[in-house]
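Novice: Provided below: protein-v3.txt, containing compact mmCIF, C-alpha atoms.
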# COMPACT_ATOMS: atom_id res chain seq x y z
CA MET A 15 0.00 0.00 0.00
CA TYR A 16 1.71 3.17 -1.17
CA SER A 17 0.21 5.46 1.51
CA ARG A 18 1.17 3.45 4.58
CA SER A 19 1.08 6.01 7.33
CA LEU A 20 -0.59 9.45 7.52
CA ILE A 21 -0.20 10.75 11.08
CA ARG A 22 -0.42 14.21 12.61
CA THR A 23 0.16 15.30 16.21
CA GLU A 24 -0.83 18.94 15.94
CA PHE A 25 -3.23 18.37 18.86
CA PHE A 26 -0.45 19.45 21.22
CA SER A 27 -1.19 23.09 20.44
CA ARG A 28 -4.69 22.64 21.87
CA CYS A 29 -3.69 21.09 25.17
CA SER A 30 -0.34 22.75 25.77
CA PRO A 31 -0.24 24.72 29.05
CA THR A 32 1.71 27.98 29.03
CA THR A 33 2.97 27.49 32.56
CA GLU A 34 3.30 24.77 35.14
CA PRO A 35 1.04 24.80 38.22
CA GLY A 36 2.34 27.16 40.87
CA ILE A 37 4.50 29.20 38.48
CA LEU A 38 3.89 32.92 38.03
CA THR A 39 1.85 33.72 34.95
CA SER A 40 3.62 36.90 33.83
CA SER A 41 5.14 36.65 30.37
CA SER A 42 8.63 36.82 31.84
CA ALA A 43 7.96 33.78 34.00
CA LYS A 44 6.52 31.47 31.39
CA ALA A 45 8.14 28.06 31.31
CA PRO A 46 9.38 26.75 27.95
CA TRP A 47 7.13 24.39 26.02
CA THR A 48 7.83 20.71 26.62
CA VAL A 49 6.03 17.55 25.55
CA GLU A 50 6.11 16.29 29.14
CA ARG A 51 4.16 19.27 30.44
CA VAL A 52 1.59 18.85 27.70
CA VAL A 53 0.89 15.15 28.19
CA ALA A 54 0.69 15.59 31.96
CA LYS A 55 -2.45 17.69 31.33
CA LEU A 56 -4.19 15.08 29.19
CA PRO A 57 -7.25 13.24 30.54
CA GLY A 58 -5.99 10.14 32.29
CA GLY A 59 -2.58 11.64 32.94
CA THR A 60 0.77 10.95 31.36
CA PRO A 61 0.80 7.91 29.04
CA VAL A 62 2.89 4.95 30.15
CA ALA A 63 6.39 5.30 28.72
CA GLY A 64 8.76 2.48 27.90
CA SER A 65 5.99 -0.06 27.36
CA SER A 66 6.34 -2.96 24.92
CA SER A 67 2.69 -2.41 24.00
CA PRO A 68 1.51 0.23 21.50
CA VAL A 69 -1.67 0.85 23.53
CA PRO A 70 -0.39 4.06 25.22
CA PHE A 71 0.31 5.46 21.75
CA PHE A 72 -3.14 4.36 20.57
CA HIS A 73 -4.71 6.35 23.41
CA MET A 74 -2.76 9.43 22.32
CA LEU A 75 -4.31 9.18 18.87
CA GLU A 76 -7.74 9.88 20.38
CA ARG A 77 -6.69 13.51 20.65
CA LEU A 78 -6.59 13.69 16.87
CA GLU A 79 -10.30 12.88 16.78
CA THR A 80 -11.35 15.53 19.29
CA ALA A 81 -8.93 18.45 18.76
CA LYS A 82 -10.22 21.02 16.29
CA ARG A 83 -8.07 22.58 13.57
CA GLU A 84 -6.74 25.87 14.90
CA GLY A 85 -7.13 27.99 11.76
CA TRP A 86 -10.90 27.37 11.56
CA ARG A 87 -11.35 27.98 15.28
CA ARG A 88 -10.11 31.52 14.73
CA TYR A 89 -13.20 32.10 12.59
CA ALA A 90 -15.52 30.69 15.28
CA ILE A 91 -16.80 27.97 12.94
CA PRO A 92 -19.14 25.75 14.97
CA HIS A 93 -18.48 22.03 14.81
CA GLY A 94 -15.34 22.58 12.73
CA GLU A 95 -13.21 19.75 11.45
CA SER A 96 -10.93 17.85 13.78
CA ILE A 97 -7.35 16.98 12.95
CA SER A 98 -8.48 13.45 12.06
CA ASP A 99 -11.13 14.86 9.72
CA HIS A 100 -8.41 16.76 7.87
CA MET A 101 -6.19 13.68 7.75
CA TYR A 102 -8.95 11.39 6.49
CA ARG A 103 -9.66 13.43 3.36
CA MET A 104 -5.91 13.80 2.84
CA SER A 105 -5.44 10.04 2.99
CA LEU A 106 -8.10 9.51 0.31
CA ILE A 107 -6.66 12.25 -1.89
CA THR A 108 -3.29 10.49 -1.85
CA MET A 109 -4.96 7.60 -3.68
CA PHE A 110 -5.15 9.93 -6.71
CA ALA A 111 -1.41 10.54 -6.73
CA PRO A 112 0.25 11.12 -10.12
CA GLN A 113 1.54 7.95 -11.77
CA SER A 114 5.16 9.03 -11.28
CA ILE A 115 4.60 8.90 -7.53
CA LEU A 116 2.49 5.74 -7.47
CA GLU A 117 5.30 3.86 -9.15
CA ASN A 118 7.55 4.49 -6.13
CA GLN A 119 5.18 2.79 -3.66
CA TYR A 120 6.07 5.41 -1.09
CA PRO A 121 5.17 5.64 2.60
CA THR A 122 3.97 9.02 3.84
CA LEU A 123 3.85 10.72 7.20
CA HIS A 124 2.07 14.03 7.47
CA GLU A 125 3.59 16.83 9.53
CA ASP A 126 3.97 15.44 13.00
CA GLY A 127 4.41 18.02 15.71
CA PRO A 128 2.40 20.80 17.33
CA HIS A 129 -0.07 22.53 15.02
CA ILE A 130 1.18 26.11 14.76
CA THR A 131 -0.44 28.52 12.34
CA PRO A 132 1.24 31.57 10.76
CA MET A 133 -0.65 33.82 13.20
CA ASP A 134 0.60 32.18 16.39
CA GLY A 135 3.77 34.25 16.64
CA VAL A 136 5.99 31.21 17.10
CA THR A 137 9.34 31.32 15.32
CA LYS A 138 10.27 28.72 12.74
CA HIS A 139 13.10 27.57 15.02
CA GLU A 140 10.73 27.06 17.95
CA LYS A 141 8.18 25.30 15.75
CA ASN A 142 10.86 22.89 14.57
CA ARG A 143 12.04 22.31 18.15
CA ARG A 144 8.55 21.38 19.29
CA GLU A 145 7.99 19.05 16.36
CA GLU A 146 11.31 17.32 16.92
CA ALA A 147 10.60 16.93 20.64
CA THR A 148 7.15 15.52 19.90
CA MET A 149 8.49 12.95 17.47
CA ASP A 150 11.22 11.94 19.91
CA TYR A 151 8.60 11.43 22.61
CA PHE A 152 6.41 9.33 20.33
CA THR A 153 9.09 7.22 18.72
CA SER A 154 11.38 6.81 21.73
CA SER A 155 9.33 7.13 24.92
CA LEU A 156 6.10 5.53 23.69
CA LEU A 157 7.28 3.27 20.86
CA GLY A 158 10.95 2.67 21.65
CA LYS A 159 10.25 -0.83 23.01
CA VAL A 160 7.37 -1.73 20.71
CA ASN A 161 8.34 -4.25 18.04
CA GLY A 162 11.98 -3.76 18.96
CA GLY A 163 11.71 -0.04 18.23
CA ILE A 164 11.35 -0.73 14.51
CA THR A 165 7.91 0.84 14.15
CA GLY A 166 8.96 3.99 16.00
CA LYS A 167 12.04 4.37 13.83
CA ASP A 168 9.96 3.82 10.71
CA ILE A 169 7.53 6.57 11.76
CA TYR A 170 10.38 8.96 12.52
CA ASP A 171 12.11 8.33 9.20
CA ILE A 172 8.90 8.95 7.25
CA TRP A 173 8.20 12.14 9.19
CA ARG A 174 11.77 13.31 8.59
CA GLU A 175 11.34 12.78 4.86
CA TYR A 176 8.15 14.87 4.90
CA GLU A 177 9.76 17.67 6.90
CA ASP A 178 12.85 17.84 4.69
CA GLY A 179 10.64 18.09 1.62
CA GLU A 180 13.40 16.96 -0.71
CA THR A 181 11.62 14.07 -2.43
CA LEU A 182 8.79 14.06 -4.95
CA GLU A 183 6.71 12.05 -2.49
CA SER A 184 7.09 14.58 0.32
CA GLU A 185 6.29 17.45 -2.05
CA PHE A 186 3.09 15.66 -3.03
CA ILE A 187 1.98 15.16 0.58
CA GLN A 188 2.69 18.82 1.36
CA ASP A 189 0.59 19.78 -1.66
CA VAL A 190 -2.20 17.47 -0.52
CA ASP A 191 -2.19 19.22 2.85
CA LYS A 192 -2.76 22.52 1.05
CA ILE A 193 -5.41 21.33 -1.38
CA GLU A 194 -7.38 19.83 1.50
CA LEU A 195 -7.38 23.22 3.22
CA VAL A 196 -8.59 24.94 0.04
CA LEU A 197 -11.37 22.38 -0.33
CA GLN A 198 -12.44 22.86 3.28
CA MET A 199 -12.42 26.63 2.85
CA VAL A 200 -14.97 26.36 0.04
CA ASP A 201 -17.02 23.72 1.85
CA TYR A 202 -17.41 25.94 4.91
CA GLU A 203 -18.40 28.93 2.77
CA ARG A 204 -21.08 26.86 1.05
CA VAL A 205 -22.49 25.64 4.37
CA HIS A 206 -22.71 29.22 5.64
CA GLU A 207 -24.40 30.42 2.42
CA HIS A 208 -22.32 33.56 1.74
CA LYS A 209 -22.31 34.63 5.39
CA LEU A 210 -18.71 33.52 5.90
CA ASP A 211 -15.82 34.70 3.73
CA LEU A 212 -12.69 32.60 4.17
CA GLY A 213 -10.82 34.11 1.25
CA ASP A 214 -7.74 34.78 3.39
CA PHE A 215 -6.99 31.08 3.05
CA SER A 216 -7.04 31.15 -0.76
CA TRP A 217 -3.42 32.32 -0.70
CA VAL A 218 -2.40 28.77 0.22
CA SER A 219 -3.19 27.56 -3.29
CA SER A 220 -0.32 29.68 -4.62
CA ARG A 221 2.13 27.56 -2.61
CA ILE A 222 1.18 24.30 -4.33
CA VAL A 223 4.09 22.92 -6.36
CA LEU A 224 3.09 19.89 -8.43
CA PRO A 225 1.16 20.64 -11.65
CA GLU A 226 -1.46 17.94 -11.03
CA VAL A 227 -2.38 19.37 -7.64
CA LYS A 228 -2.27 22.92 -9.01
CA GLU A 229 -4.89 21.88 -11.54
CA TRP A 230 -7.14 20.54 -8.76
CA ALA A 231 -6.73 23.76 -6.78
CA SER A 232 -7.55 25.89 -9.83
CA GLU A 233 -10.76 23.94 -10.35
CA VAL A 234 -11.77 24.40 -6.70
CA LEU A 235 -11.12 28.14 -6.90
CA ARG A 236 -13.17 28.40 -10.10
CA GLU A 237 -16.01 26.69 -8.26
CA ARG A 238 -15.60 29.23 -5.47
CA GLU A 239 -15.85 32.17 -7.87
CA GLY A 240 -19.03 30.67 -9.29
CA PHE A 241 -20.43 30.26 -5.80
CA TRP A 242 -19.81 33.90 -4.87
CA GLY A 243 -20.95 35.20 -8.23
CA GLY A 244 -21.12 39.00 -8.19
CA ARG A 245 -21.02 39.20 -4.39
CA GLN A 246 -18.07 40.90 -2.76
CA HIS A 247 -15.56 38.42 -1.34
CA ALA A 248 -11.88 38.11 -0.56
CA ALA A 249 -9.57 36.21 -2.91
CA TYR A 250 -5.82 36.07 -3.28
CA SER A 251 -4.35 37.69 -6.37
CA ALA A 252 -0.69 37.65 -7.32
CA GLY A 253 -1.21 41.18 -8.61
CA GLU A 254 -2.19 42.39 -5.16
CA PRO A 255 0.70 41.50 -2.83
CA LEU A 256 -0.03 40.74 0.81
CA GLU A 257 1.07 43.03 3.60
CA GLU A 258 4.78 42.35 4.17
CA LYS A 259 4.53 40.93 7.69
CA SER A 260 1.58 38.72 6.81
CA LEU A 261 3.37 37.46 3.70
CA ALA A 262 6.51 36.62 5.69
CA GLN A 263 4.47 34.65 8.23
CA LYS A 264 2.64 32.68 5.56
CA VAL A 265 5.74 31.94 3.46
CA GLU A 266 7.61 30.70 6.53
CA TYR A 267 4.77 28.34 7.37
CA TYR A 268 3.62 27.19 3.93
CA GLY A 269 6.87 27.50 2.01
CA ASP A 270 7.93 29.43 -1.05
CA GLY A 271 6.38 27.16 -3.68
CA ASP A 272 7.16 28.29 -7.18
CA ALA A 273 4.31 30.75 -7.68
How does the structure come out when it is put into structure tokens?

Specialist:
Amino acid sequence: MYSRSLIRTEFFSRCSPTTEPGILTSSSAKAPWTVERVVAKLPGGTPVAGSSSPVPFFHMLERLETAKREGWRRYAIPHGESISDHMYRMSLITMFAPQSILENQYPTLHEDGPHITPMDGVTKHEKNRREEATMDYFTSSLLGKVNGGITGKDIYDIWREYEDGETLESEFIQDVDKIELVLQMVDYERVHEHKLDLGDFSWVSSRIVLPEVKEWASEVLREREGFWGGRQHAAYSAGEPLEEKSLAQKVEYYGDGDA
């Protein structure tokens, strides 16, 4: 099966405490983010580490089903998609991968680590640190003794390939992440019948790299224009550059693409 593993742990951003109990809450006294502090706050407490069973890891995956995607929460969308919802459509989209990718029978792992949006004010360095710490916790603390550590290492290697973005396969999965967001943007607008304009997210389509996925995104955006008709709505245009700070935040998060 070419899409063997599609996993995301962005739920940490939802349950991550800013301080430990008993520590002053002023900004100067905030403790640094750690995986250990996050999991200690989860229902049921800290998962059992060093187990030869994958069950503690399985319990962690429940958070993917209940944690909502942060970008949509900012727009107060009721009953918005969970992380697992996002992943499920992504996993099905990968079944339509271009033939050049299907021939490689590749495994994929989708962006493990805390879900941090461009508006969160977290530096790229800090984002990378949190993702690396999360993967180390998963693959070493929770899965280090499962199946001789082989499964954990496999997950880490796949995630590393995705993060490095140097292979055709990883580029495709990153593009799938973006096209899923564009699809969800339009779906939410349709549900809210012109009362919700999510055009700020349309910029993401300009970061898509592979021509096949670009074509899908273009079709979705044409559908969106038809939906809005002559009504006023926001839409990204290369001829109308974004405000410099906003552009820098988005490029750092979504990448340069080739648009």

Novice: One decimal, Å: what's the distance from atom CA of A:Ser154 over to atom CA of A:Ala63, could you say?

Specialist: 8.7 Å

Novice: Rounded to one decimal, what separation in Å do you get between atom CA of A:Ala249 and atom CA of A:Met101?

Specialist: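 We find that atom CA of A:Ala249 and atom CA of A:Met101 lie 25.2 Å from each other.
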
Novice: Between A:Gly64, A:Arg103, A:Tyr170, A:Glu207, which one has atoms that come closest to A:Thr148, using only C-alpha atoms?

Specialist: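 The closest residue to A:Thr148 is A:Tyr170.
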
Novice: Between atom CA of A:Lys55 and atom CA of A:Thr153, what is the distance in Å, rounded to a tenth?

Specialist: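 Distance between the two atoms: 20.0 Å.
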
Novice: Leaving out stretch 67-70 of chain A and any residue of its chain fewer than 6 positions from it, which residues lie within 12 Å of it when counting only C-alpha atoms, given as a PyMOL selection string?

Specialist: chain A and resi 53+58-61+76+151-163+165-166

Novice: Counting all atoms listed in the file, what is within 10 Å of A:Trp86, bar same-chain residues fewer than 2 positions away, as a ChimeraX atom specification?

Specialist: /A:82-84,88-96,195,198-199,202,212

Novice: Of the candidates A:Ala147, A:Met74, A:Ile172, A:Val218, which one gets nearest to A:Pro57 if we count all atoms listed in the file?

Specialist: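 Checking each candidate against A:Pro57, we get A:Met74 as the closest.
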
Novice: Output, as lines of an AutoDock Vina configuration file, the centre and edge lengths in Å (one decimal) of the axis-aligned box that contains all listed atoms of stretch 246-252 of chain A with 6 Å of margin on each side.

Specialist:
center_x = -9.4
center_y = 38.5
center_z = -3.9
size_x = 29.4
size_y = 16.8
size_z = 18.8
